[in-house]
Amino acid sequence: GSLLAVDVRSGAIKAMVGPDRYSVLLPLNEFEPLLVLALQQPAELLREQGRWGNFRSPDFRHALGFYSDAARSGQLTMKVVAAQLTDPSRPPSQVDDLVRLRDRHTVGPLTAGTAKIFVNGVLEYRTAALNQPYEGSGQERGILRWEPDALADVATRLDRSGFQIHMHAIGDRAVGAAVKALAAVRDANGARDNRHQVAHLELVDPADIPRFRELGVVANFQPFWMYADDSITQST
């Protein structure tokens, strides 16, 4: 597997891609299971030459079981909320599988009742979905990973099943898609206290800002991500 290291300044797991060169993988404050896996086994945690986290890796999927075993044995002494990953290539009925995993692994200080939805990618690789094209790119506006109807459907099912939804949305087009899906959730299920989140919010259309309050959605910012390390200054 890739040689992994932890950058204590930026709090990120990094993969060595050449002499004295590292590529940021994922921030520890959101993907601490990767650190656990990196320390315990030579897992293939990167794909496509380090551009993406390999979330479908069997080793990555062991993370929830690792925390569950620790909770059952009494070794987990702090509260941990595990976010289960949704998959845009699967039908919305995947929520049934997430319910089973939640019920199996929620024990003691561990809960598995949060679902992670990647609405788009990141600005650094121009996969964050924007309303306007990236500078110098022609018409490139990034990627929305979900079709609107599928996003609304899976979010509605998650809400109805009692999950808290955590949407990764960095570009303004992705934030708008996330808010629209959560509005559909409210229309279908009514107001609930699941406190869904849209996270990162690096670019937000001003028209979408008041909708957070209207829908009871938490705006989850990470100022920690604004640290100007080399990976940020060279790629944005």
# chains A, B, ... in the order shown; residues from 1 in each chain; ligands from 1
call {"tool": "select_by_dssp", "arguments": {"residues": "region 98-160 of chain A", "states": "strand (DSSP E or B)", "output": "JSON list (two decimals) with N, CA, C and O atoms, in the first residue's frame"}}
result
[["chain", "number", "residue", "atom", "x", "y", "z"],
["A", 107, "VAL", "N", -23.70, 0.57, 19.88],
["A", 107, "VAL", "CA", -23.54, -0.05, 21.19],
["A", 107, "VAL", "C", -22.75, 0.89, 22.09],
["A", 107, "VAL", "O", -21.77, 1.50, 21.66],
["A", 110, "LEU", "N", -20.87, 4.16, 21.04],
["A", 110, "LEU", "CA", -20.82, 4.20, 19.57],
["A", 110, "LEU", "C", -22.22, 4.23, 18.99],
["A", 110, "LEU", "O", -23.06, 3.39, 19.33],
["A", 111, "THR", "N", -22.48, 5.19, 18.14],
["A", 111, "THR", "CA", -23.72, 5.20, 17.36],
["A", 111, "THR", "C", -23.37, 5.25, 15.88],
["A", 111, "THR", "O", -22.39, 5.89, 15.49],
["A", 112, "ALA", "N", -24.17, 4.57, 15.08],
["A", 112, "ALA", "CA", -23.94, 4.51, 13.63],
["A", 112, "ALA", "C", -25.14, 5.05, 12.88],
["A", 112, "ALA", "O", -25.49, 4.58, 11.80],
["A", 113, "GLY", "N", -25.77, 6.08, 13.44],
["A", 113, "GLY", "CA", -27.00, 6.61, 12.89],
["A", 113, "GLY", "C", -26.84, 7.86, 12.06],
["A", 113, "GLY", "O", -27.81, 8.61, 11.90],
["A", 114, "THR", "N", -25.64, 8.09, 11.54],
["A", 114, "THR", "CA", -25.42, 9.20, 10.62],
["A", 114, "THR", "C", -25.07, 8.63, 9.25],
["A", 114, "THR", "O", -24.37, 7.63, 9.15],
["A", 115, "ALA", "N", -25.58, 9.26, 8.20],
["A", 115, "ALA", "CA", -25.29, 8.83, 6.83],
["A", 115, "ALA", "C", -24.57, 9.93, 6.08],
["A", 115, "ALA", "O", -24.98, 11.09, 6.11],
["A", 116, "LYS", "N", -23.49, 9.57, 5.42],
["A", 116, "LYS", "CA", -22.67, 10.53, 4.67],
["A", 116, "LYS", "C", -23.06, 10.49, 3.20],
["A", 116, "LYS", "O", -23.10, 9.41, 2.58],
["A", 117, "ILE", "N", -23.33, 11.65, 2.63],
["A", 117, "ILE", "CA", -23.65, 11.75, 1.21],
["A", 117, "ILE", "C", -22.66, 12.71, 0.57],
["A", 117, "ILE", "O", -22.61, 13.90, 0.92],
["A", 118, "PHE", "N", -21.85, 12.22, -0.35],
["A", 118, "PHE", "CA", -20.95, 13.09, -1.10],
["A", 118, "PHE", "C", -21.73, 13.66, -2.28],
["A", 118, "PHE", "O", -21.98, 12.96, -3.27]]
call {"tool": "residues_around", "arguments": {"residues": "region 201-216 of chain A", "least_positions_apart": "4", "cutoff": "7 Å", "atoms": "only C-alpha atoms", "output": "list in words"}}
result
Ala169, Ile170, Gly171, Asp172, Val175, Gly176, Ala183, Arg195 and Phe221 of chain A
call {"tool": "residues_around", "arguments": {"residues": "Pro148 (chain A)", "least_positions_apart": "4", "cutoff": "8 Å", "atoms": "only C-alpha atoms", "output": "PyMOL selection string"}}
result
chain A and resi 152+177+181
call {"tool": "select_by_dssp", "arguments": {"residues": "region 150-223 of chain A", "states": "alpha helix (DSSP H)", "output": "ChimeraX atom specification"}}
result
/A:150-160,172-189,209-215
call {"tool": "write_last_selection", "arguments": {"atoms": "N, CA, C and O atoms", "output": "tab-separated table (two decimals), in the first residue's frame"}}
result
chain	number	residue	atom	x	y	z
A	150	ALA	N	-32.76	11.00	-7.29
A	150	ALA	CA	-32.17	9.96	-6.47
A	150	ALA	C	-31.67	10.52	-5.14
A	150	ALA	O	-31.81	9.89	-4.08
A	151	LEU	N	-31.09	11.72	-5.19
A	151	LEU	CA	-30.61	12.36	-3.97
A	151	LEU	C	-31.77	12.64	-3.02
A	151	LEU	O	-31.70	12.36	-1.81
A	152	ALA	N	-32.85	13.19	-3.54
A	152	ALA	CA	-34.02	13.48	-2.71
A	152	ALA	C	-34.62	12.20	-2.15
A	152	ALA	O	-35.05	12.15	-0.98
A	153	ASP	N	-34.65	11.14	-2.96
A	153	ASP	CA	-35.24	9.88	-2.54
A	153	ASP	C	-34.44	9.25	-1.40
A	153	ASP	O	-35.00	8.86	-0.36
A	154	VAL	N	-33.12	9.15	-1.58
A	154	VAL	CA	-32.32	8.51	-0.53
A	154	VAL	C	-32.32	9.35	0.73
A	154	VAL	O	-32.38	8.82	1.86
A	155	ALA	N	-32.31	10.68	0.60
A	155	ALA	CA	-32.35	11.55	1.77
A	155	ALA	C	-33.68	11.41	2.51
A	155	ALA	O	-33.72	11.40	3.75
A	156	THR	N	-34.77	11.31	1.77
A	156	THR	CA	-36.08	11.14	2.39
A	156	THR	C	-36.17	9.84	3.16
A	156	THR	O	-36.70	9.78	4.28
A	157	ARG	N	-35.64	8.77	2.58
A	157	ARG	CA	-35.66	7.47	3.25
A	157	ARG	C	-34.78	7.49	4.51
A	157	ARG	O	-35.14	6.91	5.55
A	158	LEU	N	-33.62	8.15	4.41
A	158	LEU	CA	-32.75	8.25	5.58
A	158	LEU	C	-33.42	9.00	6.72
A	158	LEU	O	-33.39	8.59	7.88
A	159	ASP	N	-34.03	10.13	6.38
A	159	ASP	CA	-34.73	10.92	7.39
A	159	ASP	C	-35.85	10.13	8.03
A	159	ASP	O	-36.02	10.13	9.26
A	160	ARG	N	-36.62	9.43	7.22
A	160	ARG	CA	-37.75	8.65	7.73
A	160	ARG	C	-37.26	7.52	8.64
A	160	ARG	O	-37.97	7.11	9.57
A	172	ASP	N	-20.95	25.86	-4.93
A	172	ASP	CA	-22.27	26.47	-4.74
A	172	ASP	C	-23.38	25.69	-5.45
A	172	ASP	O	-24.51	25.64	-4.97
A	173	ARG	N	-23.08	25.04	-6.57
A	173	ARG	CA	-24.09	24.21	-7.23
A	173	ARG	C	-24.42	22.99	-6.39
A	173	ARG	O	-25.59	22.58	-6.30
A	174	ALA	N	-23.42	22.42	-5.75
A	174	ALA	CA	-23.65	21.26	-4.87
A	174	ALA	C	-24.44	21.67	-3.63
A	174	ALA	O	-25.33	20.94	-3.18
A	175	VAL	N	-24.11	22.83	-3.06
A	175	VAL	CA	-24.85	23.29	-1.88
A	175	VAL	C	-26.32	23.49	-2.24
A	175	VAL	O	-27.22	23.10	-1.49
A	176	GLY	N	-26.57	24.10	-3.40
A	176	GLY	CA	-27.95	24.28	-3.84
A	176	GLY	C	-28.67	22.96	-4.02
A	176	GLY	O	-29.85	22.83	-3.65
A	177	ALA	N	-27.98	21.95	-4.58
A	177	ALA	CA	-28.60	20.63	-4.76
A	177	ALA	C	-28.90	19.98	-3.42
A	177	ALA	O	-29.95	19.33	-3.25
A	178	ALA	N	-28.00	20.16	-2.45
A	178	ALA	CA	-28.20	19.59	-1.12
A	178	ALA	C	-29.41	20.23	-0.44
A	178	ALA	O	-30.26	19.53	0.13
A	179	VAL	N	-29.49	21.55	-0.51
A	179	VAL	CA	-30.60	22.25	0.13
A	179	VAL	C	-31.92	21.87	-0.53
A	179	VAL	O	-32.94	21.66	0.15
A	180	LYS	N	-31.92	21.74	-1.86
A	180	LYS	CA	-33.15	21.37	-2.56
A	180	LYS	C	-33.60	19.96	-2.14
A	180	LYS	O	-34.80	19.72	-1.94
A	181	ALA	N	-32.65	19.04	-1.99
A	181	ALA	CA	-33.00	17.69	-1.57
A	181	ALA	C	-33.57	17.68	-0.16
A	181	ALA	O	-34.54	16.98	0.13
A	182	LEU	N	-32.98	18.48	0.73
A	182	LEU	CA	-33.48	18.52	2.10
A	182	LEU	C	-34.83	19.22	2.19
A	182	LEU	O	-35.63	18.93	3.09
A	183	ALA	N	-35.11	20.13	1.26
A	183	ALA	CA	-36.45	20.71	1.18
A	183	ALA	C	-37.47	19.64	0.78
A	183	ALA	O	-38.59	19.61	1.31
A	184	ALA	N	-37.07	18.76	-0.13
A	184	ALA	CA	-37.95	17.65	-0.52
A	184	ALA	C	-38.18	16.70	0.65
A	184	ALA	O	-39.29	16.16	0.82
A	185	VAL	N	-37.15	16.51	1.47
A	185	VAL	CA	-37.29	15.69	2.67
A	185	VAL	C	-38.33	16.29	3.60
A	185	VAL	O	-39.21	15.60	4.12
A	186	ARG	N	-38.26	17.60	3.82
A	186	ARG	CA	-39.21	18.28	4.70
A	186	ARG	C	-40.64	18.17	4.14
A	186	ARG	O	-41.59	17.93	4.89
A	187	ASP	N	-40.78	18.32	2.83
A	187	ASP	CA	-42.11	18.21	2.22
A	187	ASP	C	-42.69	16.81	2.39
A	187	ASP	O	-43.90	16.65	2.61
A	188	ALA	N	-41.83	15.80	2.28
A	188	ALA	CA	-42.31	14.42	2.33
A	188	ALA	C	-42.57	13.94	3.76
A	188	ALA	O	-43.57	13.25	4.01
A	189	ASN	N	-41.70	14.30	4.68
A	189	ASN	CA	-41.75	13.73	6.03
A	189	ASN	C	-42.19	14.70	7.11
A	189	ASN	O	-42.41	14.29	8.25
A	209	ILE	N	-28.63	30.83	1.46
A	209	ILE	CA	-28.31	31.01	2.88
A	209	ILE	C	-29.54	31.01	3.77
A	209	ILE	O	-29.58	30.28	4.78
A	210	PRO	N	-30.60	31.77	3.46
A	210	PRO	CA	-31.77	31.76	4.36
A	210	PRO	C	-32.50	30.43	4.40
A	210	PRO	O	-33.25	30.15	5.35
A	211	ARG	N	-32.28	29.57	3.42
A	211	ARG	CA	-32.98	28.29	3.39
A	211	ARG	C	-32.50	27.35	4.50
A	211	ARG	O	-33.24	26.46	4.92
A	212	PHE	N	-31.27	27.55	4.96
A	212	PHE	CA	-30.77	26.72	6.06
A	212	PHE	C	-31.66	26.91	7.30
A	212	PHE	O	-32.07	25.94	7.94
A	213	ARG	N	-31.94	28.15	7.64
A	213	ARG	CA	-32.80	28.42	8.78
A	213	ARG	C	-34.22	27.91	8.54
A	213	ARG	O	-34.83	27.30	9.42
A	214	GLU	N	-34.72	28.14	7.34
A	214	GLU	CA	-36.09	27.73	7.03
A	214	GLU	C	-36.28	26.23	7.18
A	214	GLU	O	-37.33	25.77	7.62
A	215	LEU	N	-35.25	25.46	6.82
A	215	LEU	CA	-35.35	24.00	6.82
A	215	LEU	C	-34.78	23.37	8.09
A	215	LEU	O	-34.83	22.15	8.25
call {"tool": "residues_around", "arguments": {"residues": "Thr77 (chain A)", "least_positions_apart": "5", "cutoff": "10 Å", "atoms": "only C-alpha atoms", "output": "MDAnalysis selection string"}}
result
chainID A and resid 70:71 108:110
